[in-house]
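S.K.: Supplied in C-alpha cells, the structure appears directly below.
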Number of protein chains: 2
Amino acid sequence: MMVKFDENQILKNGEYIYAQRAEIEKIADAVCEKGFDNILFTSSGGSLAMMQPFDYMISVMSNLNVQSQISAELLVEGNNHLTDKTLVFMASKSGDTKETVAAAKYVKEKGATIVSVLGVDNSPMGELSDYSVVYKDGRPQEYVLYMLIGKLLENKGFFDDYKQFADELKNLPAALVSVGKASEPKARAYAEKYKDDPYQIWIGSGNLWGPTYSFAMCVLEESQWLRTKSVTSPEFFHGTIELVEKGVCVALNMTEGQTRKLDQRVKDFVGQYTDDFTVFDTADYELPGISDKFRWMLSPVVINAVLSRVSKNFEQIRDHSLDIRRYYRKVEY
Amino acid sequence: MMVKFDENQILKNGEYIYAQRAEIEKIADAVCEKGFDNILFTSSGGSLAMMQPFDYMISVMSNLNVQSQISAELLVEGNNHLTDKTLVFMASKSGDTKETVAAAKYVKEKGATIVSVLGVDNSPMGELSDYSVVYKDGRPQEYVLYMLIGKLLENKGFFDDYKQFADELKNLPAALVSVGKASEPKARAYAEKYKDDPYQIWIGSGNLWGPTYSFAMCVLEESQWLRTKSVTSPEFFHGTIELVEKGVCVALNMTEGQTRKLDQRVKDFVGQYTDDFTVFDTADYELPGISDKFRWMLSPVVINAVLSRVSKNFEQIRDHSLDIRRYYRKVEY
C-alpha cells in the first residue's frame, strides 16, 4: 500500500490542466502575434526552478533569446535587455510571493508582456499579468508550460511535431501514475536507508538541474530539515567529488536529455567508491502513450514523480510532515 | 604571525599582472575592432566561477549580450547563439582542463574568437586561443579580467571612468595585502570555531555568487573535505532557511554591489536565530588608493583575500594540506 498516493486524484489533477489546452495554446498564439524580441523567466525559489527546464528547452531547440533571473535580483540589478518587447514568464503557487509580485510590477512598468502560471484565482500576480493560467489543484505545474512553450516554439518554427506532442500529453497523467507505482520500491528503500542521514549530495544536469536543485532545497531542506548539497553533474567533478567516501549518501538524477552523457560519467565514477549511491534514472520508467522522441523533454516531470515518492516516504518514515516550517509564513523576513 | 602570508610575494604577484596592462588592453582593442555580436564565458569549476563577476559586470553595466555556460554542457547541449561573431572568454589554471580544452576546440570550429586567461605557457588552451594572457604566479587571476573586460566596456561606451579605474588598479595588490591583514582575526576565529563542523552554509549574491560557490566547492569541499551548502542570498529564503537553528554554522559574504540589500536581508534574519553566524563584509575593509565608486566591482577580489585567510587558517589548524586530493589527478574519470 503506497503512502499518500491517490491514483484517481493524480489523474483528475492532470485532466484539470489538459482541459485548458485550447486556452493555453491561444495565449501562445497571442504573444507570438504581438511579437517579442526576447524571453525572460523570472520568479523565486521552487517556482523559477520549475521553469528551468523550459529555459533549457527553448535554448536547445531554438535560437530565441532567453534568460532566467531570480526576481529579487531583477529588482536590484535591473536587466538591460528588458523592454516592452520582452515576453516574461512567471510562476507562483500562492500568487502572492513577495519578491515575485514586486518583480511583476517592475516588469510591467517596462511595458513587457507577462504570462503567469498560478496556483490560485484572484491573486496579486493574476492582477499584474497580461495572461495567466490558473492550475488550482491541477498537477504537475510543468504540464501548463509544456503546452505554452511547446506551442510558442511551434509558432516560431522550432517544434514541427508539437501537435503530436500535445496530443500525446493527454496520456501524461496516466504515465506519471505508472512512474509513481514503478518507482515506489526504490524510493521507499532510499527513504528508509537515509532517513537520519546528516547530509545528502544530489546531482543532476541539463533539464534535470531545476528539479534536482528544487528537490534538495524546497523539499529535503525546507520540508524535511535534511541537509543537502546539490551540484550539476559536470561541476561535481570540480570539488564535491572529494567528499565521496563510504558512508556519504550520494543521489544522481539521470536525464534522457542532451546531458545524459554527463550524468553517466558521475554514475560510472561514484559507483566505484561508495555503496551509498542511488541512481534515479528517468529511462527506467515506461511512459505509455508517449513517443520515444518526446521522452527527453518529459524527464523533469518523470523525475518529479519519482522524487515525490521519496518525499512522501520520508514524510511517513521520519514522522515529519512536509507542511511544517520553522520560519516560512511564521515569522517576518 | 600570520600563517602562509608573504606580503612581498603578494605584491610581486600583483605587479606581474599589472605589468601586462598594455598588452591586455591591446587584446580588448583588437577584439572590439574585429567586432562581435555576443559574449560567452565558458570554462569548468572554479575557473568559470572566477569569471562570474565579469558576466555580472557586463550585464549590469551594458546591454551587450552575454552568457555563461559550463564547458561540458556546451559540448553536449551546443549553443545556438555561438557563431563566428561570438567572443569567447575562457580560463584554466593548468591550461589543460579536459572539458575546457574540448570546448575550446568546439568553439574554434564555429569560428568564434577565443580570449583565454591561463596559468601556464605553452598549454593546449594557449594553442587554441586567438589571444591569451598568461599569469603564471601572478595573482589574483581576476586582475587580468578587470583590465580586459573594463577596457572592452570602455571601448563599447559603457565605462567612461575606465582609465581612472585601471590607473587605480595599480594599488590593488597593496590594498589586498591590507585586506588580508585586517581580516586575519576574524578569519582565524572562524577557522578555529568551525574546524570540525560537519556542515557549513555559505551565502552570497550578485558579483559574490561566483566567489561564494567556488570557495565552498573548490576550497572547503575539494581541499578541506568539509561539507557545504552554498546558496544565493535571495534563494536562501526559499528553503535553506529552515535548516537554521542553534549550532548550525552559517556564513554570509556581503558585497558592495547592487545586491547588497539582498545580503542585508539575510544578515538581519540569521542573526536573530543562531550565534553560529559569521558575516564577511567587503565594506569592512579599507582599500587605499581605490576610489569609492569602484569598490563594488572589486568586492570579488576583496572577499577572496578574506576567504584566503580562512582557508590558510583551516589548513594549519586542521593540519589538512590544501593540496591533498582523494581523486583529482589521482584516478581516472
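Numbering starts fresh at 1 for the residues of each chain in the C-alpha cells, the chains themselves are lettered A, B, ... in the order given, and ligands are numbered from 1 as they appear.
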Please return, as a short mmCIF file (atom, residue, chain, number, x, y, z; two decimals) with all heavy atoms, in the first residue's frame, all residues of range 181-241 of chain A that DSSP assigns to strand (DSSP E) on the basis of the backbone.
M.R.:
data_model
loop_
_atom_site.label_atom_id
_atom_site.label_comp_id
_atom_site.auth_asym_id
_atom_site.auth_seq_id
_atom_site.Cartn_x
_atom_site.Cartn_y
_atom_site.Cartn_z
N GLN A 200 23.07 14.81 2.43
CA GLN A 200 22.89 14.08 1.17
C GLN A 200 23.40 14.93 0.00
O GLN A 200 23.06 16.11 -0.10
CB GLN A 200 21.40 13.78 0.94
CG GLN A 200 20.74 13.02 2.08
CD GLN A 200 19.26 12.72 1.82
OE1 GLN A 200 18.78 12.87 0.70
NE2 GLN A 200 18.54 12.31 2.85
N ILE A 201 24.16 14.32 -0.88
CA ILE A 201 24.61 15.01 -2.09
C ILE A 201 23.65 14.64 -3.23
O ILE A 201 23.43 13.45 -3.48
CB ILE A 201 26.05 14.60 -2.47
CG1 ILE A 201 27.03 15.03 -1.38
CG2 ILE A 201 26.44 15.20 -3.83
CD1 ILE A 201 28.46 14.49 -1.57
N TRP A 202 23.07 15.64 -3.88
CA TRP A 202 22.15 15.41 -5.00
C TRP A 202 22.73 16.00 -6.28
O TRP A 202 23.11 17.17 -6.32
CB TRP A 202 20.77 16.01 -4.70
CG TRP A 202 19.99 15.10 -3.81
CD1 TRP A 202 20.06 14.99 -2.46
CD2 TRP A 202 19.02 14.12 -4.25
NE1 TRP A 202 19.20 14.00 -2.00
CE2 TRP A 202 18.55 13.45 -3.08
CE3 TRP A 202 18.52 13.72 -5.50
CZ2 TRP A 202 17.60 12.43 -3.13
CZ3 TRP A 202 17.57 12.71 -5.55
CH2 TRP A 202 17.12 12.08 -4.38
N ILE A 203 22.76 15.19 -7.32
CA ILE A 203 23.43 15.57 -8.57
C ILE A 203 22.46 15.44 -9.74
O ILE A 203 21.68 14.49 -9.82
CB ILE A 203 24.66 14.66 -8.81
CG1 ILE A 203 25.58 14.65 -7.56
CG2 ILE A 203 25.45 15.11 -10.04
CD1 ILE A 203 26.69 13.61 -7.61
N GLY A 204 22.52 16.39 -10.66
CA GLY A 204 21.69 16.33 -11.86
C GLY A 204 22.22 17.31 -12.89
O GLY A 204 23.07 18.15 -12.56
N THR A 228 21.56 19.23 2.62
CA THR A 228 21.92 18.76 1.28
C THR A 228 22.97 19.63 0.64
O THR A 228 23.18 20.77 1.03
CB THR A 228 20.71 18.78 0.31
OG1 THR A 228 20.48 20.14 -0.13
CG2 THR A 228 19.45 18.22 0.94
N LYS A 229 23.61 19.05 -0.37
CA LYS A 229 24.38 19.81 -1.34
C LYS A 229 23.83 19.40 -2.69
O LYS A 229 23.76 18.20 -2.99
CB LYS A 229 25.85 19.41 -1.27
CG LYS A 229 26.69 19.81 -2.48
CD LYS A 229 27.19 21.23 -2.35
CE LYS A 229 28.04 21.66 -3.51
NZ LYS A 229 28.72 22.95 -3.22
N SER A 230 23.42 20.35 -3.51
CA SER A 230 23.06 19.98 -4.88
C SER A 230 24.11 20.56 -5.81
O SER A 230 24.61 21.67 -5.60
CB SER A 230 21.66 20.48 -5.24
OG SER A 230 21.53 21.86 -5.00
N VAL A 231 24.44 19.79 -6.81
CA VAL A 231 25.51 20.21 -7.74
C VAL A 231 25.23 19.59 -9.10
O VAL A 231 24.65 18.51 -9.20
CB VAL A 231 26.90 19.80 -7.17
CG1 VAL A 231 27.06 18.28 -7.09
CG2 VAL A 231 28.06 20.40 -7.96
N THR A 232 25.64 20.28 -10.17
CA THR A 232 25.41 19.72 -11.50
C THR A 232 26.41 18.59 -11.77
O THR A 232 27.49 18.55 -11.17
CB THR A 232 25.55 20.76 -12.63
OG1 THR A 232 26.91 21.16 -12.74
CG2 THR A 232 24.67 21.99 -12.36
#
S.K.: Do a neighbour search on range 265-275 of chain B at 10 Å with only C-alpha atoms, toss out local chain neighbours closer than 3 positions, and write the hits as a VMD selection string.
M.R.: (chain A and resid 331 to 333) or (chain B and resid 203 to 204 232 to 234 236 to 237 241 244 to 254 260 to 262 278 to 279)
S.K.: Please determine the contact residues of chain A with respect to chain B at a cut-off of 7 Å, counting only C-alpha atoms, and supply them as a compact mmCIF listing (two decimals) with all heavy atoms, in the first residue's frame.
M.R.:
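The file below, out.txt, is the result:
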# COMPACT_ATOMS: atom_id res chain seq x y z
N GLY A 45 12.73 30.91 -5.92
CA GLY A 45 12.82 29.58 -5.33
C GLY A 45 12.33 28.48 -6.26
O GLY A 45 12.71 28.41 -7.43
N VAL A 60 17.90 24.79 -26.29
CA VAL A 60 18.41 23.72 -27.15
C VAL A 60 17.60 23.58 -28.44
O VAL A 60 18.13 23.12 -29.44
CB VAL A 60 18.53 22.34 -26.44
CG1 VAL A 60 19.54 22.40 -25.30
CG2 VAL A 60 17.20 21.83 -25.97
N SER A 62 15.90 26.17 -30.11
CA SER A 62 15.73 27.37 -30.93
C SER A 62 16.91 28.32 -30.75
O SER A 62 17.78 28.09 -29.93
CB SER A 62 14.46 28.11 -30.49
OG SER A 62 14.72 28.88 -29.32
N ASN A 63 16.89 29.39 -31.52
CA ASN A 63 17.87 30.45 -31.27
C ASN A 63 17.21 31.70 -30.69
O ASN A 63 17.75 32.80 -30.79
CB ASN A 63 18.67 30.77 -32.54
CG ASN A 63 17.77 31.30 -33.64
OD1 ASN A 63 16.57 31.47 -33.44
ND2 ASN A 63 18.33 31.57 -34.80
N ALA A 72 14.15 38.66 -7.04
CA ALA A 72 14.78 39.59 -6.10
C ALA A 72 16.01 40.23 -6.73
O ALA A 72 16.32 41.40 -6.48
CB ALA A 72 15.17 38.87 -4.81
N GLU A 73 16.72 39.47 -7.57
CA GLU A 73 17.91 40.00 -8.23
C GLU A 73 17.52 40.98 -9.33
O GLU A 73 18.14 42.03 -9.50
CB GLU A 73 18.79 38.88 -8.78
CG GLU A 73 19.41 38.06 -7.65
CD GLU A 73 20.30 36.92 -8.11
OE1 GLU A 73 20.29 36.57 -9.30
OE2 GLU A 73 20.99 36.36 -7.24
N VAL A 76 16.99 44.49 -7.95
CA VAL A 76 18.12 45.34 -7.56
C VAL A 76 19.17 45.49 -8.67
O VAL A 76 19.86 46.50 -8.74
CB VAL A 76 18.81 44.85 -6.25
CG1 VAL A 76 17.86 45.01 -5.07
CG2 VAL A 76 19.29 43.41 -6.36
N GLU A 77 19.28 44.49 -9.53
CA GLU A 77 20.27 44.55 -10.61
C GLU A 77 19.71 45.22 -11.85
O GLU A 77 20.46 45.74 -12.67
CB GLU A 77 20.72 43.14 -11.03
CG GLU A 77 21.48 42.38 -9.97
CD GLU A 77 21.64 40.91 -10.32
OE1 GLU A 77 21.27 40.49 -11.44
OE2 GLU A 77 22.13 40.17 -9.46
N ASN A 80 19.18 44.95 -18.49
CA ASN A 80 19.29 45.87 -19.63
C ASN A 80 18.70 45.32 -20.93
O ASN A 80 18.72 46.00 -21.95
CB ASN A 80 20.76 46.27 -19.83
CG ASN A 80 21.26 47.12 -18.68
OD1 ASN A 80 20.51 47.95 -18.15
ND2 ASN A 80 22.50 46.93 -18.28
N HIS A 81 18.21 44.10 -20.89
CA HIS A 81 17.56 43.53 -22.07
C HIS A 81 16.04 43.54 -21.93
O HIS A 81 15.33 43.09 -22.83
CB HIS A 81 18.08 42.12 -22.33
CG HIS A 81 19.54 42.09 -22.61
ND1 HIS A 81 20.07 42.36 -23.84
CD2 HIS A 81 20.61 41.88 -21.79
CE1 HIS A 81 21.39 42.30 -23.79
NE2 HIS A 81 21.74 42.02 -22.54
N MET A 217 16.51 21.65 -2.12
CA MET A 217 16.28 22.85 -1.31
C MET A 217 14.85 22.98 -0.81
O MET A 217 14.61 23.29 0.35
CB MET A 217 16.67 24.10 -2.10
CG MET A 217 16.60 25.38 -1.27
SD MET A 217 17.30 26.83 -2.09
CE MET A 217 15.97 27.24 -3.22
N CYS A 218 13.89 22.77 -1.70
CA CYS A 218 12.49 23.06 -1.34
C CYS A 218 11.77 21.85 -0.74
O CYS A 218 10.69 21.99 -0.19
CB CYS A 218 11.72 23.56 -2.55
SG CYS A 218 12.51 24.95 -3.36
N GLU A 221 15.42 20.17 2.33
CA GLU A 221 15.82 21.18 3.32
C GLU A 221 14.60 21.84 3.94
O GLU A 221 14.44 21.88 5.16
CB GLU A 221 16.71 22.25 2.66
CG GLU A 221 18.07 21.72 2.23
CD GLU A 221 18.99 22.75 1.61
OE1 GLU A 221 18.56 23.91 1.41
OE2 GLU A 221 20.14 22.41 1.30
N GLU A 222 13.73 22.38 3.08
CA GLU A 222 12.62 23.19 3.59
C GLU A 222 11.60 22.36 4.35
O GLU A 222 11.08 22.79 5.37
CB GLU A 222 11.92 23.92 2.43
CG GLU A 222 10.78 24.81 2.91
CD GLU A 222 10.25 25.78 1.86
OE1 GLU A 222 10.47 25.53 0.65
OE2 GLU A 222 9.65 26.79 2.24
N TRP A 225 13.96 19.30 6.71
CA TRP A 225 15.08 19.78 7.53
C TRP A 225 16.29 18.86 7.44
O TRP A 225 17.01 18.65 8.41
CB TRP A 225 14.64 20.02 8.98
CG TRP A 225 13.42 20.90 9.08
CD1 TRP A 225 12.83 21.61 8.08
CD2 TRP A 225 12.64 21.18 10.25
NE1 TRP A 225 11.75 22.33 8.53
CE2 TRP A 225 11.60 22.07 9.87
CE3 TRP A 225 12.73 20.77 11.58
CZ2 TRP A 225 10.64 22.54 10.78
CZ3 TRP A 225 11.77 21.25 12.47
CH2 TRP A 225 10.74 22.12 12.08
N THR A 228 21.56 19.23 2.62
CA THR A 228 21.92 18.76 1.28
C THR A 228 22.97 19.63 0.64
O THR A 228 23.18 20.77 1.03
CB THR A 228 20.71 18.78 0.31
OG1 THR A 228 20.48 20.14 -0.13
CG2 THR A 228 19.45 18.22 0.94
N LYS A 229 23.61 19.05 -0.37
CA LYS A 229 24.38 19.81 -1.34
C LYS A 229 23.83 19.40 -2.69
O LYS A 229 23.76 18.20 -2.99
CB LYS A 229 25.85 19.41 -1.27
CG LYS A 229 26.69 19.81 -2.48
CD LYS A 229 27.19 21.23 -2.35
CE LYS A 229 28.04 21.66 -3.51
NZ LYS A 229 28.72 22.95 -3.22
N PRO A 234 28.48 17.95 -14.31
CA PRO A 234 29.87 18.30 -14.67
C PRO A 234 30.61 18.99 -13.53
O PRO A 234 31.80 18.78 -13.34
CB PRO A 234 29.71 19.25 -15.87
CG PRO A 234 28.31 19.76 -15.78
CD PRO A 234 27.51 18.64 -15.19
N GLU A 235 29.92 19.82 -12.76
CA GLU A 235 30.58 20.57 -11.70
C GLU A 235 30.94 19.68 -10.50
O GLU A 235 31.88 19.99 -9.77
CB GLU A 235 29.69 21.74 -11.26
CG GLU A 235 29.61 22.84 -12.30
CD GLU A 235 30.88 23.68 -12.37
OE1 GLU A 235 31.02 24.61 -11.55
OE2 GLU A 235 31.73 23.39 -13.25
N HIS A 238 34.47 19.01 -10.03
CA HIS A 238 35.37 20.13 -9.73
C HIS A 238 35.35 20.52 -8.26
O HIS A 238 35.52 21.69 -7.94
CB HIS A 238 35.07 21.31 -10.66
CG HIS A 238 35.44 21.00 -12.08
ND1 HIS A 238 36.70 21.18 -12.57
CD2 HIS A 238 34.72 20.45 -13.09
CE1 HIS A 238 36.75 20.78 -13.83
NE2 HIS A 238 35.56 20.32 -14.18
N GLY A 239 35.11 19.56 -7.39
CA GLY A 239 35.19 19.87 -5.96
C GLY A 239 34.44 18.88 -5.09
O GLY A 239 35.03 18.17 -4.26
N THR A 240 33.13 18.78 -5.30
CA THR A 240 32.30 17.95 -4.42
C THR A 240 32.75 16.48 -4.45
O THR A 240 32.61 15.76 -3.45
CB THR A 240 30.82 18.09 -4.84
OG1 THR A 240 30.51 19.49 -4.91
CG2 THR A 240 29.89 17.44 -3.82
N GLU A 242 35.47 15.21 -3.99
CA GLU A 242 36.41 14.85 -2.93
C GLU A 242 35.72 14.45 -1.62
O GLU A 242 36.34 13.92 -0.71
CB GLU A 242 37.41 16.00 -2.68
CG GLU A 242 38.30 16.34 -3.87
CD GLU A 242 39.35 15.26 -4.22
OE1 GLU A 242 39.66 14.43 -3.35
OE2 GLU A 242 39.82 15.26 -5.37
N LEU A 243 34.43 14.74 -1.51
CA LEU A 243 33.68 14.36 -0.30
C LEU A 243 33.21 12.92 -0.34
O LEU A 243 32.73 12.38 0.66
CB LEU A 243 32.46 15.27 -0.13
CG LEU A 243 32.73 16.75 0.11
CD1 LEU A 243 31.42 17.52 0.14
CD2 LEU A 243 33.47 16.94 1.43
N GLN A 258 19.98 15.90 -23.47
CA GLN A 258 21.27 16.02 -24.14
C GLN A 258 22.45 15.79 -23.20
O GLN A 258 23.55 15.44 -23.63
CB GLN A 258 21.39 17.42 -24.77
CG GLN A 258 20.42 17.70 -25.90
CD GLN A 258 18.98 17.93 -25.43
OE1 GLN A 258 18.66 17.96 -24.25
NE2 GLN A 258 18.08 18.10 -26.40
N THR A 259 22.25 16.02 -21.90
CA THR A 259 23.36 15.94 -20.96
C THR A 259 23.49 14.57 -20.28
O THR A 259 24.24 14.43 -19.32
CB THR A 259 23.21 17.02 -19.86
OG1 THR A 259 21.98 16.77 -19.15
CG2 THR A 259 23.15 18.42 -20.45
N PHE A 269 31.64 6.91 -12.11
CA PHE A 269 32.64 7.21 -11.09
C PHE A 269 32.17 6.84 -9.68
O PHE A 269 32.83 6.09 -8.97
CB PHE A 269 33.01 8.70 -11.14
CG PHE A 269 33.98 9.07 -10.05
CD1 PHE A 269 35.34 8.85 -10.22
CD2 PHE A 269 33.54 9.57 -8.84
CE1 PHE A 269 36.24 9.14 -9.21
CE2 PHE A 269 34.43 9.85 -7.81
CZ PHE A 269 35.79 9.64 -8.00
N ARG A 325 6.97 24.15 9.11
CA ARG A 325 8.06 25.08 8.85
C ARG A 325 8.48 25.73 10.15
O ARG A 325 7.67 25.94 11.05
CB ARG A 325 7.59 26.21 7.91
CG ARG A 325 7.12 25.76 6.53
CD ARG A 325 8.27 25.30 5.65
NE ARG A 325 7.79 24.92 4.33
CZ ARG A 325 7.31 23.69 4.02
NH1 ARG A 325 7.24 22.74 4.94
NH2 ARG A 325 6.89 23.44 2.80
N ARG A 326 9.76 26.05 10.24
CA ARG A 326 10.24 26.84 11.38
C ARG A 326 9.95 28.32 11.17
O ARG A 326 9.62 29.04 12.10
CB ARG A 326 11.76 26.69 11.54
CG ARG A 326 12.21 25.35 12.08
CD ARG A 326 13.73 25.37 12.35
NE ARG A 326 14.15 24.19 13.08
CZ ARG A 326 14.97 23.25 12.60
NH1 ARG A 326 15.47 23.35 11.39
NH2 ARG A 326 15.29 22.20 13.33
N TYR A 327 10.12 28.78 9.92
CA TYR A 327 10.10 30.23 9.69
C TYR A 327 9.08 30.68 8.63
O TYR A 327 8.43 31.71 8.79
CB TYR A 327 11.50 30.71 9.25
CG TYR A 327 12.60 30.27 10.19
CD1 TYR A 327 13.52 29.27 9.83
CD2 TYR A 327 12.72 30.83 11.46
CE1 TYR A 327 14.54 28.88 10.69
CE2 TYR A 327 13.75 30.43 12.33
CZ TYR A 327 14.65 29.46 11.94
OH TYR A 327 15.64 29.06 12.79
N TYR A 333 10.28 38.16 7.52
CA TYR A 333 11.64 38.38 6.99
C TYR A 333 11.56 38.95 5.59
O TYR A 333 10.52 38.97 4.99
CB TYR A 333 12.49 37.12 7.03
CG TYR A 333 11.88 35.86 6.42
CD1 TYR A 333 11.95 35.62 5.06
CD2 TYR A 333 11.24 34.91 7.23
CE1 TYR A 333 11.42 34.47 4.51
CE2 TYR A 333 10.70 33.75 6.70
CZ TYR A 333 10.80 33.54 5.34
OH TYR A 333 10.27 32.38 4.80
S.K.: I'd like the neighbourhood of Pro53 in chain A as a VMD selection string, where a residue qualifies if any of its atoms comes within 8 Å (using only C-alpha atoms), though same-chain residues fewer than 3 positions away should be ignored.
M.R.: chain A and resid 49 to 50 56 to 57 206 to 210 300
S.K.: In Å, rounded to a single decimal, give me how far CA of Asn13 in chain A is from CA of Leu298 in chain A.
M.R.: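 Spanning CA of Leu298 in chain A to CA of Asn13 in chain A is a straight-line distance of 17.4 Å.
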S.K.: Have a look at CA of Tyr146 in chain B and CA of Lys98 in chain B and let me know their distance in Å, one decimal.
M.R.: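 Rounded to one decimal, the two atoms are 26.1 Å apart.
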S.K.: Could you give me, as a count of residues only, each residue of range 104-326 of chain A that DSSP assigns to helix (DSSP H, G or I) when run on this structure's backbone?
M.R.: 127
S.K.: What separation in Å, quoted to one decimal, exists between CA of Val144 in chain B and CA of Glu25 in chain B?
M.R.: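 Spanning CA of Val144 in chain B to CA of Glu25 in chain B is a straight-line distance of 9.7 Å.
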S.K.: For range 280-292 of chain A, list every protein, DNA or RNA residue within 9 Å, evaluated using only C-alpha atoms, and leave out those in the same chain fewer than 5 positions away; present the list as a ChimeraX atom specification.
M.R.: /A:165,168-172,174-176,178-179,182-183,186-187,251-256,298-300,302-303,306-307
S.K.: Find the spatial neighbours of Leu128 in chain B, counting only C-alpha atoms, within a cut-off of 8 Å - ignore same-chain residues fewer than 2 positions away - and output them as a list of chain:residue names.
M.R.: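 Contacts, in chain order: B:Ala104, B:Lys105, B:Lys108, B:Ile114, B:Pro124, B:Met125, B:Gly126, B:Asp130.
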